[in-house]
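Reviewing the structure listed below.
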Number of protein chains: 2
Amino acid sequence: MLLLSTAITPLLAAPTLEEVRSTALNSDEIAYDIVEGLTTEIGPRQGGTEAEARARTWSVAKLKSLGFDNVRIEEYQMPTWVRGEETAEIIAPFTHKLAVTALGNSGSTGDKGLEGEIVYFPTLDDLRAAPDGSLKGKIAFVSHSMMRTQDGSSYGAFGPARFVGPNIAAKKGAAAIVIRSAGTDYHRNPHTGNTNFDADVTPIPAGALSIPDAENLERMLKRGKPVTMKLKLTPKNVGMQVSGNVLAEVKGSNPQLPIIVIACHLDSWDLGTGAIDDAAGCGIIAAAAKHLKTLGQPKRTVRLLWAGAEEVGIWGGKDYGSKHAAEPHALAMESDFGAGKVWAVDFTLPDSASEQKAKIIAALAPLGVVPRKAPAGGGADVGAIIAAQKLGIIDLQQDGTKYFDLHHTPDDTLDKIDKAEMRQNVAAWVATLAVVANYEGELKP
Amino acid sequence: MLLLSTAITPLLAAPTLEEVRSTALNSDEIAYDIVEGLTTEIGPRQGGTEAEARARTWSVAKLKSLGFDNVRIEEYQMPTWVRGEETAEIIAPFTHKLAVTALGNSGSTGDKGLEGEIVYFPTLDDLRAAPDGSLKGKIAFVSHSMMRTQDGSSYGAFGPARFVGPNIAAKKGAAAIVIRSAGTDYHRNPHTGNTNFDADVTPIPAGALSIPDAENLERMLKRGKPVTMKLKLTPKNVGMQVSGNVLAEVKGSNPQLPIIVIACHLDSWDLGTGAIDDAAGCGIIAAAAKHLKTLGQPKRTVRLLWAGAEEVGIWGGKDYGSKHAAEPHALAMESDFGAGKVWAVDFTLPDSASEQKAKIIAALAPLGVVPRKAPAGGGADVGAIIAAQKLGIIDLQQDGTKYFDLHHTPDDTLDKIDKAEMRQNVAAWVATLAVVANYEGELKP
């Protein structure tokens with residue numbers, strides 16, 4: 001009985017950072033619950049569509065139920081492209097149906113489809129080297145050698161086949177283009193994603209083949225006979241549509257301090273249910289912000305930005321940057337690389353914050369996180385506000401080894417979430433936020 | 001220079017069994033080449049279709065080029081069912097498109113599809129227990145808990161959701177049925193496969209959901225509100241079509257001895273390219289038979305049966321059993337479980353052949369193969385001839401741990417073949433055939 005008062009005291013005091021980090025690591029249910037809800041009750045939620053609007057309504061209710069302040073939607077308009085039918089078939093010298101999906105902003109073949117001989121380019125540079133006009137009436141096929149990388153760097157190296165390949169092929173007169181999906185899996189699920197055409201270039205039909213199909217096409221081509229494809233992609237532009245960001249806050253005790261914005265994106269591509277891309281990020285930042293509150297009110301306001309329409313052109317991030325350009329911000333962070341463990345931390349902070357940096361590194365070390373020398377870059381949705389205000393940035397780098405197995409495919413579903421790994425993210429985020437949200441000094445570099 | 005003659009001598013002598021087994025294990029290219037050719041130049045080859053006919057033509061040329069004797073086609077007629085359009089969508093309380101595929105012999109919803117409330121059965125036994133008439137106008141949804149097993153036994157345990165679930169649901173008045181795919185992966189690729197309706201039961205539309213979709217549907221149902229699906233499956237029966245078996249032989253030196261038949265099936269389901277199911281089996285048995293010849297002419301004739309139309313009703317196996325019922329056979333073997341390593345060997349042989357059995361066990365031991373006490377059962381395509389003549393059987397059991405990740409899905413493609421594991425199969429097969437094809441005693445149990 002004598003021990004009772006000492007036993008009770010710690011329960012009444014605010015928990016320590018170590019305790020909160022440990023709670024997040026071992027028993028957080030908030031992050032998974034958000035991913036489960038979005039993937040079950042909403043599913044795919046492409047920017048500018050009615051499904052994305054349902055996701056915003058769902059998100060407002062969820063963030064309010066979690067007790068955040070100032071939960072609200074900021075709408076904007078954006079041009080919207082939607083998928084149609086999509087089939088690809090080799091008709092000579094063998095007959096094969098190939099798994100294909102249209103890339104965002106792809107032109108249409110029309111309902112009758114189009115037929116063309118395949119012109120094979122092992123790499124994007126080979127396509128770049130093709131003489132102008134040499135592709136007239138042909139279907140360009142661009143391959144590449146993307147492999148799994150922990151830091152996701154192979155996407156930057158080989159993703160351009162998708163990002164700019166179609167524009168290059170169009171300028172050289174190609175009737176259409178198919179690429180080997182920018183991915184690292186071996187499933188019959190092509191990877192979609194945006195491509196962009198110059199303003200003076202008419203978009204051509206542009207599709208991604210699944211990797212097994214791309215390799216099969218390469219084997220057919222190696223037989224040495226001309227290979228002809230019939231391609232049907234009938235996407236269309238449906239004009240300006242409503243999209244929007246969902247915002248929520250943990251109010252800081254000192255309203256004079258510039259705020260911290262932490263972001264994810266609420267929209268997803270239409271093929272999967274957007275579990276890893278990026279319901280996971282929204283779950284992680286919301287869970288971390290919720291755990292942060294258990295440490296007591298932070299000095300700075302921490303704002304959650306669940307951005308709209310990232311996949312299809314970062315419309316939400318741009319809208320946020322423009323609408324909040326005049327509001328003082330100190331630091332930005334984003335979670336948009338799945339639910340794999342945080343393995344490294346990068347900083348873009350002033351020298352004066354070196355003590356805070358050391359505190360963060362120390363708080364992340366028990367989670368296995370490596371401090372690096374590379375500057376932090378932020379994420380797509382905070383890019384505009386970072387550029388407008390030259391913000392401080394911290395990147396909690398996630399292990400992306402398996403991320404491009406799933407990225408932008410039908411396979412991006414709830415079952416791909418490893419709860420323990422996602423909890424480690426929540427723990428890393430709350431440990432980081434606890435330091436920066438309670439530091440009153442300068443965070444801009 | 002003195003060593004020259006001794007160095008040359010072994011090259012002129014026939015190699016030993018150990019040498020042939022080692023060659024197969026370390027450098028066989030025949031098996032992979034067959035899988036590569038069938039998946040690249042033919043692709044899907046459903047029984048009774050024009051693609052299966054092209055596969056037969058291809059196979060005759062390939063088997064002739066490999067130097068086999070009596071390469072020929074034996075045709076037969078069979079009723080043929082072909083896939084149409086297939087979509088499934090949850091329309092309340094949430095809106096979700098689900099990945100679905102029709103099961104073989106499924107009825108059609110008609111072009112307009114049908115809508116119905118989902119009635120959930122966690123297991124097939126739960127469906128069996130539903131009162132007659134209780135499913136009127138409803139869509140039954142049967143789930144199960146199939147897991148990966150090395151010996152594939154979970155397919156026997158949980159496959160009946162597909163094999164007989166639709167027939168049971170139809171008899172209870174269901175408008176349609178969807179099942180959780182009989183598979184062990186987590187990709188958005190449903191597993192097709194045949195189902196069968198009693199002669200007096202009108203086939204209802206019967207589909208398989210991908211496993212992520214089935215789990216999502218379960219999560220929706222757990223919310224407690226009625227769940228409504230719109231299902232469209234438009235397969236049709238196209239009547240009697242031509243199919244056929246491809247046969248080839250290694251002629252034995254003693255035509256009086258009953259022959260050995262070794263089988264695979266040439267047809268595949270239409271969704272994938274039939275790499276593991278069962279181009280691999282055809283590659284393995286052909287490669288083994290080819291290596292067998294390098295040991296010198298065997299005493300018994302070894303016949304290759306590349307059976308037609310296995311997936312859709314074992315039509316090729318039945319035709320073989322009927323056409324060859326009067327021709328003396330001694331032993332049957334089949335390879336139809338992918339390209340994973342052989343891990344066990346089972347026998348159905350007479351006691352008098354115990355010495356031969358010991359020889360086989362000894363020859364397989366260096367390959368890591370475990371002798372078991374279970375009797376061998378053979379394979380689907382040799383079932384009819386085994387039953388007709390009570391043949392000896394040897395089963396080289398393959399590791400099926402990953403087999404049901406791919407089985408009957410679009411993901412059954414060349415990239416899933418592990419060349420080293422497939423070579424181990426070829427080595428195990430040639431080691432086994434070398435014993436039984438040169439043994440003149442009784443092989444029937």
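Residue numbering restarts at 1 in every chain; chains get A, B, ... in the order shown in the structure tokens, and ligands count up from 1 in that same order.
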Those of range 7-155 of chain A in DSSP alpha helix (DSSP H), formatted as a CSV table (one decimal) with all heavy atoms, in the first residue's frame:
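Everything below was put into result.csv:
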chain,number,residue,atom,x,y,z
A,7,ALA,N,3.3,4.6,-7.4
A,7,ALA,CA,2.9,3.9,-8.6
A,7,ALA,C,1.9,4.8,-9.4
A,7,ALA,O,1.9,4.7,-10.6
A,7,ALA,CB,2.2,2.6,-8.2
A,8,ILE,N,1.2,5.5,-8.8
A,8,ILE,CA,0.2,6.3,-9.5
A,8,ILE,C,0.8,7.6,-10.1
A,8,ILE,O,0.5,7.9,-11.2
A,8,ILE,CB,-1.0,6.8,-8.5
A,8,ILE,CG1,-1.9,5.5,-8.3
A,8,ILE,CG2,-1.8,7.9,-9.1
A,8,ILE,CD1,-3.0,5.8,-7.3
A,9,THR,N,1.7,8.2,-9.4
A,9,THR,CA,2.3,9.4,-9.9
A,9,THR,C,2.7,9.4,-11.4
A,9,THR,O,2.3,10.3,-12.2
A,9,THR,CB,3.5,9.8,-9.1
A,9,THR,OG1,3.1,9.8,-7.7
A,9,THR,CG2,4.0,11.2,-9.4
A,10,PRO,N,3.4,8.4,-11.9
A,10,PRO,CA,3.9,8.4,-13.3
A,10,PRO,C,2.7,8.3,-14.2
A,10,PRO,O,2.7,8.8,-15.3
A,10,PRO,CB,4.7,7.1,-13.4
A,10,PRO,CG,5.1,6.8,-12.0
A,10,PRO,CD,4.0,7.2,-11.1
A,11,LEU,N,1.6,7.7,-13.8
A,11,LEU,CA,0.4,7.6,-14.7
A,11,LEU,C,-0.2,9.0,-14.9
A,11,LEU,O,-0.9,9.3,-15.9
A,11,LEU,CB,-0.6,6.7,-14.1
A,11,LEU,CG,-0.2,5.2,-14.0
A,11,LEU,CD1,-1.3,4.4,-13.3
A,11,LEU,CD2,0.1,4.7,-15.4
A,12,LEU,N,-0.1,9.9,-13.9
A,12,LEU,CA,-0.7,11.2,-14.0
A,12,LEU,C,0.2,12.2,-14.8
A,12,LEU,O,-0.2,13.1,-15.4
A,12,LEU,CB,-1.0,11.7,-12.6
A,12,LEU,CG,-2.0,10.9,-11.9
A,12,LEU,CD1,-2.2,11.4,-10.4
A,12,LEU,CD2,-3.4,10.8,-12.6
A,17,LEU,N,9.3,11.2,-23.8
A,17,LEU,CA,9.4,11.0,-25.3
A,17,LEU,C,9.7,9.5,-25.5
A,17,LEU,O,9.2,8.9,-26.4
A,17,LEU,CB,10.6,11.8,-25.9
A,17,LEU,CG,10.9,11.6,-27.3
A,17,LEU,CD1,9.7,11.6,-28.2
A,17,LEU,CD2,12.0,12.5,-27.8
A,18,GLU,N,10.6,8.9,-24.6
A,18,GLU,CA,10.9,7.5,-24.8
A,18,GLU,C,9.7,6.6,-24.7
A,18,GLU,O,9.5,5.7,-25.4
A,18,GLU,CB,12.0,7.1,-23.8
A,18,GLU,CG,13.4,7.6,-24.0
A,18,GLU,CD,13.5,9.1,-23.7
A,18,GLU,OE1,12.6,9.7,-23.0
A,18,GLU,OE2,14.3,9.8,-24.3
A,19,GLU,N,8.8,7.0,-23.7
A,19,GLU,CA,7.6,6.2,-23.5
A,19,GLU,C,6.7,6.3,-24.7
A,19,GLU,O,6.1,5.4,-25.2
A,19,GLU,CB,6.9,6.6,-22.3
A,19,GLU,CG,7.6,6.1,-21.0
A,19,GLU,CD,7.1,6.8,-19.7
A,19,GLU,OE1,6.5,7.9,-19.8
A,19,GLU,OE2,7.5,6.3,-18.6
A,20,VAL,N,6.6,7.6,-25.2
A,20,VAL,CA,5.7,7.8,-26.4
A,20,VAL,C,6.2,7.0,-27.6
A,20,VAL,O,5.5,6.4,-28.4
A,20,VAL,CB,5.5,9.3,-26.7
A,20,VAL,CG1,4.7,9.5,-28.0
A,20,VAL,CG2,4.7,9.9,-25.5
A,21,ARG,N,7.5,7.2,-27.8
A,21,ARG,CA,8.1,6.5,-29.0
A,21,ARG,C,7.9,5.0,-28.8
A,21,ARG,O,7.6,4.3,-29.8
A,21,ARG,CB,9.6,6.8,-28.9
A,21,ARG,CG,10.4,6.3,-30.2
A,21,ARG,CD,11.9,6.5,-30.0
A,21,ARG,NE,12.4,5.8,-28.9
A,21,ARG,CZ,13.5,6.0,-28.2
A,21,ARG,NH1,14.3,7.0,-28.6
A,21,ARG,NH2,13.8,5.3,-27.2
A,22,SER,N,8.0,4.5,-27.6
A,22,SER,CA,7.8,3.0,-27.4
A,22,SER,C,6.4,2.6,-27.7
A,22,SER,O,6.1,1.6,-28.2
A,22,SER,CB,8.3,2.7,-26.0
A,22,SER,OG,8.0,1.4,-25.7
A,23,THR,N,5.5,3.5,-27.2
A,23,THR,CA,4.0,3.2,-27.4
A,23,THR,C,3.7,3.1,-28.9
A,23,THR,O,3.1,2.2,-29.4
A,23,THR,CB,3.2,4.3,-26.8
A,23,THR,OG1,3.4,4.3,-25.4
A,23,THR,CG2,1.7,4.0,-27.1
A,24,ALA,N,4.3,4.1,-29.7
A,24,ALA,CA,4.1,4.2,-31.1
A,24,ALA,C,4.6,2.9,-31.8
A,24,ALA,O,4.0,2.3,-32.6
A,24,ALA,CB,4.7,5.4,-31.7
A,25,LEU,N,5.8,2.5,-31.3
A,25,LEU,CA,6.5,1.4,-31.9
A,25,LEU,C,5.9,0.1,-31.7
A,25,LEU,O,5.8,-0.8,-32.5
A,25,LEU,CB,8.0,1.4,-31.4
A,25,LEU,CG,8.9,0.3,-32.0
A,25,LEU,CD1,9.2,0.5,-33.5
A,25,LEU,CD2,10.2,0.3,-31.2
A,26,ASN,N,5.3,0.0,-30.5
A,26,ASN,CA,4.8,-1.4,-30.1
A,26,ASN,C,3.3,-1.5,-30.2
A,26,ASN,O,2.8,-2.7,-30.3
A,26,ASN,CB,5.2,-1.7,-28.7
A,26,ASN,CG,6.7,-1.8,-28.6
A,26,ASN,OD1,7.3,-2.5,-29.3
A,26,ASN,ND2,7.4,-0.9,-27.7
A,27,SER,N,2.6,-0.4,-30.2
A,27,SER,CA,1.1,-0.7,-30.1
A,27,SER,C,0.3,0.3,-30.9
A,27,SER,O,-0.9,0.4,-30.7
A,27,SER,CB,0.7,-0.7,-28.7
A,27,SER,OG,1.0,0.5,-28.0
A,30,ILE,N,-3.4,3.5,-34.9
A,30,ILE,CA,-4.0,4.6,-35.7
A,30,ILE,C,-3.6,4.6,-37.1
A,30,ILE,O,-4.5,4.7,-38.0
A,30,ILE,CB,-3.6,6.0,-35.0
A,30,ILE,CG1,-4.1,6.0,-33.6
A,30,ILE,CG2,-4.2,7.1,-35.9
A,30,ILE,CD1,-3.4,7.2,-32.8
A,31,ALA,N,-2.3,4.4,-37.4
A,31,ALA,CA,-1.9,4.4,-38.8
A,31,ALA,C,-2.5,3.3,-39.6
A,31,ALA,O,-3.0,3.5,-40.7
A,31,ALA,CB,-0.3,4.3,-38.8
A,32,TYR,N,-2.5,2.1,-39.1
A,32,TYR,CA,-3.1,1.0,-39.8
A,32,TYR,C,-4.6,1.2,-40.0
A,32,TYR,O,-5.1,0.9,-41.1
A,32,TYR,CB,-2.8,-0.4,-39.1
A,32,TYR,CG,-3.3,-1.6,-39.9
A,32,TYR,CD1,-2.5,-2.1,-40.9
A,32,TYR,CD2,-4.5,-2.2,-39.7
A,32,TYR,CE1,-2.9,-3.2,-41.7
A,32,TYR,CE2,-5.0,-3.2,-40.4
A,32,TYR,CZ,-4.1,-3.8,-41.4
A,32,TYR,OH,-4.5,-4.8,-42.2
A,33,ASP,N,-5.2,1.7,-39.0
A,33,ASP,CA,-6.7,1.9,-39.1
A,33,ASP,C,-7.0,2.9,-40.2
A,33,ASP,O,-8.0,2.7,-40.9
A,33,ASP,CB,-7.2,2.4,-37.7
A,33,ASP,CG,-8.7,2.7,-37.7
A,33,ASP,OD1,-9.4,1.8,-37.9
A,33,ASP,OD2,-9.0,3.9,-37.5
A,34,ILE,N,-6.2,3.9,-40.4
A,34,ILE,CA,-6.5,4.8,-41.5
A,34,ILE,C,-6.3,4.1,-42.8
A,34,ILE,O,-7.1,4.3,-43.7
A,34,ILE,CB,-5.5,6.0,-41.3
A,34,ILE,CG1,-6.0,6.9,-40.2
A,34,ILE,CG2,-5.4,6.9,-42.6
A,34,ILE,CD1,-5.1,8.0,-39.7
A,35,VAL,N,-5.2,3.3,-43.0
A,35,VAL,CA,-5.0,2.6,-44.3
A,35,VAL,C,-6.2,1.6,-44.5
A,35,VAL,O,-6.7,1.6,-45.6
A,35,VAL,CB,-3.7,1.9,-44.3
A,35,VAL,CG1,-3.4,1.3,-45.6
A,35,VAL,CG2,-2.5,2.9,-44.0
A,36,GLU,N,-6.5,0.9,-43.4
A,36,GLU,CA,-7.6,0.0,-43.6
A,36,GLU,C,-8.9,0.7,-44.0
A,36,GLU,O,-9.6,0.2,-44.9
A,36,GLU,CB,-7.8,-0.8,-42.2
A,36,GLU,CG,-8.6,-2.1,-42.3
A,36,GLU,CD,-10.1,-1.9,-42.1
A,36,GLU,OE1,-10.6,-0.8,-41.8
A,36,GLU,OE2,-10.8,-2.9,-42.3
A,37,GLY,N,-9.2,1.8,-43.4
A,37,GLY,CA,-10.4,2.5,-43.7
A,37,GLY,C,-10.5,3.0,-45.1
A,37,GLY,O,-11.4,2.8,-45.8
A,50,GLU,N,-14.8,11.7,-58.4
A,50,GLU,CA,-15.8,11.7,-57.3
A,50,GLU,C,-15.3,10.8,-56.2
A,50,GLU,O,-15.6,11.1,-55.0
A,50,GLU,CB,-17.1,11.1,-58.0
A,50,GLU,CG,-18.2,10.7,-57.0
A,50,GLU,CD,-18.0,9.3,-56.5
A,50,GLU,OE1,-17.3,8.4,-57.2
A,50,GLU,OE2,-18.5,9.0,-55.4
A,51,ALA,N,-14.5,9.8,-56.5
A,51,ALA,CA,-13.9,8.9,-55.4
A,51,ALA,C,-13.0,9.7,-54.5
A,51,ALA,O,-12.9,9.5,-53.3
A,51,ALA,CB,-13.2,7.8,-56.0
A,52,GLU,N,-12.2,10.7,-55.1
A,52,GLU,CA,-11.3,11.5,-54.3
A,52,GLU,C,-12.2,12.4,-53.4
A,52,GLU,O,-11.8,12.6,-52.2
A,52,GLU,CB,-10.4,12.3,-55.2
A,52,GLU,CG,-9.2,12.9,-54.4
A,52,GLU,CD,-8.6,14.1,-55.1
A,52,GLU,OE1,-9.2,14.8,-55.8
A,52,GLU,OE2,-7.3,14.3,-54.9
A,53,ALA,N,-13.3,12.9,-53.9
A,53,ALA,CA,-14.2,13.7,-53.0
A,53,ALA,C,-14.7,12.9,-51.9
A,53,ALA,O,-14.8,13.4,-50.7
A,53,ALA,CB,-15.4,14.2,-53.9
A,54,ARG,N,-15.1,11.6,-52.1
A,54,ARG,CA,-15.5,10.8,-51.0
A,54,ARG,C,-14.4,10.6,-50.0
A,54,ARG,O,-14.6,10.5,-48.8
A,54,ARG,CB,-16.0,9.4,-51.5
A,54,ARG,CG,-17.5,9.4,-52.1
A,54,ARG,CD,-18.0,8.0,-52.4
A,54,ARG,NE,-17.4,7.5,-53.6
A,54,ARG,CZ,-16.6,6.5,-53.7
A,54,ARG,NH1,-16.3,5.8,-52.6
A,54,ARG,NH2,-16.1,6.1,-54.9
A,55,ALA,N,-13.2,10.5,-50.5
A,55,ALA,CA,-12.1,10.3,-49.6
A,55,ALA,C,-11.9,11.5,-48.7
A,55,ALA,O,-11.5,11.4,-47.6
A,55,ALA,CB,-10.8,10.0,-50.4
A,56,ARG,N,-12.1,12.7,-49.3
A,56,ARG,CA,-12.0,13.9,-48.5
A,56,ARG,C,-13.0,13.9,-47.3
A,56,ARG,O,-12.7,14.2,-46.2
A,56,ARG,CB,-12.1,15.2,-49.3
A,56,ARG,CG,-10.9,15.5,-50.2
A,56,ARG,CD,-11.0,16.9,-50.8
A,56,ARG,NE,-12.1,17.1,-51.8
A,56,ARG,CZ,-12.1,16.7,-53.0
A,56,ARG,NH1,-11.0,16.1,-53.5
A,56,ARG,NH2,-13.1,17.0,-53.8
A,57,THR,N,-14.2,13.6,-47.7
A,57,THR,CA,-15.3,13.5,-46.7
A,57,THR,C,-14.9,12.5,-45.6
A,57,THR,O,-15.1,12.8,-44.4
A,57,THR,CB,-16.6,13.1,-47.3
A,57,THR,OG1,-16.9,14.1,-48.4
A,57,THR,CG2,-17.8,13.1,-46.3
A,58,TRP,N,-14.5,11.4,-46.0
A,58,TRP,CA,-14.1,10.3,-45.1
A,58,TRP,C,-12.9,10.9,-44.2
A,58,TRP,O,-12.9,10.7,-42.9
A,58,TRP,CB,-13.6,9.1,-45.9
A,58,TRP,CG,-13.2,7.9,-45.0
A,58,TRP,CD1,-14.1,6.9,-44.8
A,58,TRP,CD2,-12.0,7.7,-44.4
A,58,TRP,NE1,-13.4,6.0,-44.0
A,58,TRP,CE2,-12.1,6.4,-43.7
A,58,TRP,CE3,-10.8,8.3,-44.3
A,58,TRP,CZ2,-11.1,5.8,-43.0
A,58,TRP,CZ3,-9.7,7.8,-43.6
A,58,TRP,CH2,-9.9,6.5,-42.9
A,59,SER,N,-12.0,11.6,-44.8
A,59,SER,CA,-10.8,12.0,-44.0
A,59,SER,C,-11.1,13.1,-43.0
A,59,SER,O,-10.6,13.1,-41.9
A,59,SER,CB,-9.8,12.6,-45.0
A,59,SER,OG,-9.4,11.6,-45.9
A,60,VAL,N,-12.1,14.0,-43.4
A,60,VAL,CA,-12.5,15.0,-42.4
A,60,VAL,C,-13.1,14.4,-41.2
A,60,VAL,O,-12.7,14.7,-40.0
A,60,VAL,CB,-13.5,16.0,-43.1
A,60,VAL,CG1,-14.2,16.8,-42.0
A,60,VAL,CG2,-12.7,16.9,-44.1
A,61,ALA,N,-13.9,13.4,-41.4
A,61,ALA,CA,-14.6,12.7,-40.3
A,61,ALA,C,-13.5,12.0,-39.4
A,61,ALA,O,-13.5,12.0,-38.2
A,61,ALA,CB,-15.6,11.7,-40.8
A,62,LYS,N,-12.6,11.3,-40.1
A,62,LYS,CA,-11.6,10.6,-39.4
A,62,LYS,C,-10.6,11.5,-38.6
A,62,LYS,O,-10.4,11.2,-37.4
A,62,LYS,CB,-10.7,9.7,-40.4
A,62,LYS,CG,-9.5,9.1,-39.8
A,62,LYS,CD,-9.8,8.1,-38.7
A,62,LYS,CE,-10.5,6.8,-39.2
A,62,LYS,NZ,-10.7,5.8,-38.2
A,63,LEU,N,-10.2,12.6,-39.2
A,63,LEU,CA,-9.3,13.5,-38.5
A,63,LEU,C,-10.0,14.2,-37.3
A,63,LEU,O,-9.4,14.5,-36.3
A,63,LEU,CB,-8.7,14.5,-39.5
A,63,LEU,CG,-7.7,13.8,-40.5
A,63,LEU,CD1,-7.5,14.8,-41.7
A,63,LEU,CD2,-6.4,13.5,-39.8
A,64,LYS,N,-11.3,14.5,-37.5
A,64,LYS,CA,-12.0,15.1,-36.4
A,64,LYS,C,-12.2,14.1,-35.2
A,64,LYS,O,-12.0,14.4,-34.1
A,64,LYS,CB,-13.4,15.5,-36.9
A,64,LYS,CG,-13.4,16.8,-37.6
A,64,LYS,CD,-14.8,17.3,-38.0
A,64,LYS,CE,-14.8,18.7,-38.7
A,64,LYS,NZ,-16.1,19.0,-39.3
A,65,SER,N,-12.4,12.8,-35.6
A,65,SER,CA,-12.6,11.8,-34.6
A,65,SER,C,-11.3,11.6,-33.8
A,65,SER,O,-11.3,11.1,-32.7
A,65,SER,CB,-13.1,10.5,-35.2
A,65,SER,OG,-12.0,9.8,-35.8
A,124,LEU,N,16.1,4.4,-73.0
A,124,LEU,CA,15.6,5.7,-73.4
A,124,LEU,C,16.5,6.5,-74.3
A,124,LEU,O,16.2,7.2,-75.2
A,124,LEU,CB,15.2,6.6,-72.2
A,124,LEU,CG,14.5,7.9,-72.4
A,124,LEU,CD1,13.2,7.7,-73.2
A,124,LEU,CD2,14.3,8.6,-71.1
A,125,ASP,N,17.8,6.3,-74.0
A,125,ASP,CA,18.8,7.0,-74.8
A,125,ASP,C,18.8,6.5,-76.3
A,125,ASP,O,19.1,7.2,-77.2
A,125,ASP,CB,20.2,6.8,-74.2
A,125,ASP,CG,20.5,7.8,-73.1
A,125,ASP,OD1,19.7,8.8,-73.0
A,125,ASP,OD2,21.4,7.6,-72.3
A,126,ASP,N,18.5,5.2,-76.4
A,126,ASP,CA,18.4,4.7,-77.8
A,126,ASP,C,17.2,5.4,-78.5
A,126,ASP,O,17.3,5.7,-79.7
A,126,ASP,CB,18.2,3.2,-77.8
A,126,ASP,CG,19.4,2.4,-77.2
A,126,ASP,OD1,20.5,2.8,-77.6
A,126,ASP,OD2,19.2,1.6,-76.3
A,127,LEU,N,16.1,5.6,-77.8
A,127,LEU,CA,15.0,6.3,-78.4
A,127,LEU,C,15.4,7.8,-78.7
A,127,LEU,O,15.1,8.3,-79.8
A,127,LEU,CB,13.8,6.4,-77.5
A,127,LEU,CG,12.6,7.2,-77.9
A,127,LEU,CD1,12.0,6.7,-79.2
A,127,LEU,CD2,11.5,7.3,-76.8
A,128,ARG,N,16.1,8.4,-77.8
A,128,ARG,CA,16.6,9.8,-78.1
A,128,ARG,C,17.4,9.8,-79.3
A,128,ARG,O,17.4,10.8,-80.1
A,128,ARG,CB,17.4,10.3,-76.9
A,128,ARG,CG,16.6,10.6,-75.6
A,128,ARG,CD,17.5,11.4,-74.6
A,128,ARG,NE,16.7,11.8,-73.5
A,128,ARG,CZ,16.7,11.3,-72.3
A,128,ARG,NH1,17.5,10.3,-72.0
A,128,ARG,NH2,15.9,11.8,-71.3
A,129,ALA,N,18.2,8.7,-79.6
A,129,ALA,CA,19.1,8.8,-80.7
A,129,ALA,C,18.4,8.4,-82.1
A,129,ALA,O,19.0,8.5,-83.1
A,129,ALA,CB,20.2,7.7,-80.5
A,153,SER,N,16.5,5.0,-55.7
A,153,SER,CA,17.2,5.8,-56.7
A,153,SER,C,17.0,5.2,-58.2
A,153,SER,O,17.1,5.9,-59.1
A,153,SER,CB,18.6,5.9,-56.4
A,153,SER,OG,19.2,4.6,-56.2
A,154,SER,N,16.6,3.9,-58.3
A,154,SER,CA,16.5,3.4,-59.6
A,154,SER,C,15.3,4.0,-60.3
A,154,SER,O,15.2,4.0,-61.6
A,154,SER,CB,16.4,1.9,-59.6
A,154,SER,OG,15.2,1.5,-58.9
A,155,TYR,N,14.3,4.5,-59.5
A,155,TYR,CA,13.2,5.2,-60.2
A,155,TYR,C,13.6,6.5,-60.9
A,155,TYR,O,13.1,6.8,-62.0
A,155,TYR,CB,12.1,5.5,-59.1
A,155,TYR,CG,10.8,6.0,-59.5
A,155,TYR,CD1,10.0,5.4,-60.5
A,155,TYR,CD2,10.3,7.2,-59.0
A,155,TYR,CE1,8.8,5.8,-60.9
A,155,TYR,CE2,9.0,7.7,-59.4
A,155,TYR,CZ,8.3,7.0,-60.3
A,155,TYR,OH,7.1,7.5,-60.7
If you count only C-alpha atoms, which residues fall within 10 Å of Pro255 in chain A, apart from same-chain ones fewer than 6 positions away, as number ranges by chain? A: 299-301
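Minimum distance to Gly239 in chain B across B:Val82, B:Val436, B:Ala13, B:Ile204 (counting only C-alpha atoms) occurs at B:Val82.
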Near Ala279 in chain A, within 8 Å and counting only C-alpha atoms, which residues show up once chain neighbours fewer than 2 positions away are dropped, as JSON, numbers by chain? {"A": [34, 35, 38, 39, 264, 265, 266, 274, 275, 276, 277, 281, 282, 283]}
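Between CA of Pro205 in chain B and CA of Ser106 in chain B the interatomic distance comes to 5.0 Å.
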Hey, what's within 8 Å of range 241-252 of chain A if we count only C-alpha atoms and toss same-chain stuff fewer than 4 positions away? As number ranges by chain, please? A: 47-49, 52-53, 56, 59-60, 63, 68-80, 289, 293, 297-309, 316, 320
Distance criterion (only C-alpha atoms): nearest to Ala376 in chain B out of B:Ala330, B:Ala363, B:Ala358, B:Leu396: B:Leu396
Taking the backbone alone, and naming residues the way the document does, which bits of range 229-318 of chain B are strand (DSSP E) by DSSP, as a PyMOL selection string? chain B and resi 229-233+236-250+259-265+302-307
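Among the candidates B:Val178, B:Ile284, B:Ala170, B:Ala102, the residue lying nearest to Asp200 in chain B is B:Ala170 (atoms considered: only C-alpha atoms).
We find CA of Pro235 in chain B and CA of Thr87 in chain B to be spaced 11.9 Å apart.
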